[in-house]
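S.K.: I'd like to ask some things about the structure below.
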Amino acid sequence: MKNTLSLNRNTLFKRLYYRGKTFKTPFFTLYYMNTKASKNRIGFTVSKKIGKAVARNRARRLMYESFRLYEQQINNGYYMVLVARSEILNTDFANIKKAMENTLKKSGLLSEADL
């Protein structure tokens with residue numbers, strides 16, 4: 001991902017959980033917060049409640065790929081965390097991609113020039 005860096009500090013994850021805005025879908029939950037940084041940062045989380053390692057990695061890959069498709073259209077200066085929910089494993093990629101698009105539009109993260 002060119003415009004997005006990894007969010008890898010536990011304190012940043014916690015700050016997003018408590019101070020960030022939230023959008024929920026049946027497949028994932030998006031936490032985001034506006035910062036004045038020049039690049040975005042994103043983290044992906046999958047709980048052990050989702051399943052064993054293979055299931056968790058698949059859920060992470062599905063979220064990563066659906067985000068990657070819209071990455072170029074997202075405004076700069078946001079920290080984001082995507083948390084997988086259990087329904088992500090029971091659906092196909094098209095539904096996850098559609099949910100990602102709708103969530104990014106509703107949250108105002110997509111730049112309006114690309115809509």
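As shown in the structure tokens, the chain order sets the letters A, B, ...; within each chain, residues go from 1, and ligands are also counted from 1 in the order they appear.
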I'd like a table as a tab-separated table: residues in segment 9-55 of chain A with an atom no more than 7 Å from segment 90-111 of chain A, each row giving the shortest atom pair and its distance in Å to one decimal, only C-alpha atoms counted, sorted by chain and rising residue number.
M.R.:
```
residue	atom	partner	partner_atom	distance
A:Phe23	CA	A:Thr103	CA	6.7
A:Thr25	CA	A:Ala99	CA	6.8
A:Phe27	CA	A:Ile96	CA	6.8
```
S.K.: Could you list, as a list in words, every residue within 6 Å of Asn40 of chain A, counting only C-alpha atoms and ignoring same-chain residues fewer than 3 positions away?
M.R.: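 So the residues in contact are Thr4, Asn76, Gly77, Tyr78 and Tyr79 of chain A.
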S.K.: Please list as a list in words every residue within 10 Å of Pro26 of chain A, counting only C-alpha atoms and excluding residues in the same chain fewer than 6 positions away.
M.R.: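 Listing them by chain and then by number gives Ala84, Arg85, Ser86, Glu87, Ile88, Ile96 and Ala99 of chain A.
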S.K.: Quick one: distance from atom CA of Leu16 of chain A to atom CA of Val83 of chain A in Å, one decimal?
M.R.: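 Result for atom CA of Leu16 of chain A versus atom CA of Val83 of chain A: 11.6 Å, one decimal.
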S.K.: Select from segment 8-108 of chain A everything DSSP, run on the backbone, classes as strand (DSSP E), then give the selection as a PDB file with N, CA and C atoms, in the first residue's frame.
M.R.:
```pdb
ATOM      1  N   LYS A  21     -14.010   7.371  16.022  1.00  0.00           N
ATOM      2  CA  LYS A  21     -15.387   7.161  15.591  1.00  0.00           C
ATOM      3  C   LYS A  21     -15.512   5.732  15.086  1.00  0.00           C
ATOM      4  N   THR A  22     -16.735   5.188  15.122  1.00  0.00           N
ATOM      5  CA  THR A  22     -16.956   3.777  14.835  1.00  0.00           C
ATOM      6  C   THR A  22     -18.044   3.596  13.781  1.00  0.00           C
ATOM      7  N   PHE A  23     -17.812   2.668  12.863  1.00  0.00           N
ATOM      8  CA  PHE A  23     -18.830   2.208  11.931  1.00  0.00           C
ATOM      9  C   PHE A  23     -18.806   0.689  11.942  1.00  0.00           C
ATOM     10  N   LYS A  24     -19.980   0.079  12.123  1.00  0.00           N
ATOM     11  CA  LYS A  24     -20.070  -1.377  12.193  1.00  0.00           C
ATOM     12  C   LYS A  24     -20.787  -1.914  10.965  1.00  0.00           C
ATOM     13  N   PHE A  28     -17.134  -6.477   9.619  1.00  0.00           N
ATOM     14  CA  PHE A  28     -16.024  -5.838  10.319  1.00  0.00           C
ATOM     15  C   PHE A  28     -16.504  -4.556  10.985  1.00  0.00           C
ATOM     16  N   THR A  29     -15.667  -4.028  11.879  1.00  0.00           N
ATOM     17  CA  THR A  29     -15.911  -2.747  12.526  1.00  0.00           C
ATOM     18  C   THR A  29     -14.750  -1.838  12.175  1.00  0.00           C
ATOM     19  N   LEU A  30     -15.069  -0.612  11.759  1.00  0.00           N
ATOM     20  CA  LEU A  30     -14.046   0.371  11.411  1.00  0.00           C
ATOM     21  C   LEU A  30     -13.967   1.416  12.509  1.00  0.00           C
ATOM     22  N   TYR A  31     -12.787   1.589  13.076  1.00  0.00           N
ATOM     23  CA  TYR A  31     -12.501   2.674  14.006  1.00  0.00           C
ATOM     24  C   TYR A  31     -11.585   3.634  13.268  1.00  0.00           C
ATOM     25  N   TYR A  32     -11.863   4.931  13.329  1.00  0.00           N
ATOM     26  CA  TYR A  32     -10.996   5.883  12.646  1.00  0.00           C
ATOM     27  C   TYR A  32     -10.947   7.197  13.411  1.00  0.00           C
ATOM     28  N   MET A  33      -9.859   7.916  13.174  1.00  0.00           N
ATOM     29  CA  MET A  33      -9.656   9.203  13.833  1.00  0.00           C
ATOM     30  C   MET A  33      -8.846  10.085  12.883  1.00  0.00           C
ATOM     31  N   ASN A  34      -9.219  11.333  12.798  1.00  0.00           N
ATOM     32  CA  ASN A  34      -8.513  12.288  11.957  1.00  0.00           C
ATOM     33  C   ASN A  34      -7.261  12.766  12.677  1.00  0.00           C
ATOM     34  N   ASN A  40      -1.788   8.010   5.813  1.00  0.00           N
ATOM     35  CA  ASN A  40      -2.719   7.247   6.638  1.00  0.00           C
ATOM     36  C   ASN A  40      -1.978   6.110   7.324  1.00  0.00           C
ATOM     37  N   ARG A  41      -2.551   5.643   8.414  1.00  0.00           N
ATOM     38  CA  ARG A  41      -2.056   4.443   9.093  1.00  0.00           C
ATOM     39  C   ARG A  41      -3.252   3.528   9.330  1.00  0.00           C
ATOM     40  N   ILE A  42      -3.040   2.232   9.108  1.00  0.00           N
ATOM     41  CA  ILE A  42      -4.127   1.279   9.299  1.00  0.00           C
ATOM     42  C   ILE A  42      -3.610   0.035  10.010  1.00  0.00           C
ATOM     43  N   GLY A  43      -4.488  -0.538  10.822  1.00  0.00           N
ATOM     44  CA  GLY A  43      -4.195  -1.792  11.508  1.00  0.00           C
ATOM     45  C   GLY A  43      -5.366  -2.743  11.320  1.00  0.00           C
ATOM     46  N   PHE A  44      -5.071  -4.013  11.273  1.00  0.00           N
ATOM     47  CA  PHE A  44      -6.086  -5.051  11.121  1.00  0.00           C
ATOM     48  C   PHE A  44      -6.030  -5.956  12.338  1.00  0.00           C
ATOM     49  N   THR A  45      -7.191  -6.227  12.940  1.00  0.00           N
ATOM     50  CA  THR A  45      -7.235  -7.097  14.115  1.00  0.00           C
ATOM     51  C   THR A  45      -8.271  -8.186  13.898  1.00  0.00           C
ATOM     52  N   TYR A  78      -5.511  10.051   8.352  1.00  0.00           N
ATOM     53  CA  TYR A  78      -6.389   9.271   9.217  1.00  0.00           C
ATOM     54  C   TYR A  78      -5.655   8.070   9.779  1.00  0.00           C
ATOM     55  N   TYR A  79      -5.987   7.726  11.017  1.00  0.00           N
ATOM     56  CA  TYR A  79      -5.611   6.453  11.618  1.00  0.00           C
ATOM     57  C   TYR A  79      -6.852   5.578  11.593  1.00  0.00           C
ATOM     58  N   MET A  80      -6.704   4.328  11.182  1.00  0.00           N
ATOM     59  CA  MET A  80      -7.843   3.423  11.056  1.00  0.00           C
ATOM     60  C   MET A  80      -7.492   2.049  11.611  1.00  0.00           C
ATOM     61  N   VAL A  81      -8.484   1.400  12.178  1.00  0.00           N
ATOM     62  CA  VAL A  81      -8.350   0.008  12.606  1.00  0.00           C
ATOM     63  C   VAL A  81      -9.582  -0.741  12.113  1.00  0.00           C
ATOM     64  N   LEU A  82      -9.349  -1.870  11.466  1.00  0.00           N
ATOM     65  CA  LEU A  82     -10.426  -2.745  11.033  1.00  0.00           C
ATOM     66  C   LEU A  82     -10.404  -3.989  11.908  1.00  0.00           C
ATOM     67  N   VAL A  83     -11.522  -4.259  12.562  1.00  0.00           N
ATOM     68  CA  VAL A  83     -11.649  -5.413  13.456  1.00  0.00           C
ATOM     69  C   VAL A  83     -12.641  -6.388  12.825  1.00  0.00           C
ATOM     70  N   ALA A  84     -12.194  -7.603  12.590  1.00  0.00           N
ATOM     71  CA  ALA A  84     -13.033  -8.611  11.946  1.00  0.00           C
ATOM     72  C   ALA A  84     -14.141  -9.071  12.880  1.00  0.00           C
TER      73      ALA A  84
END
```
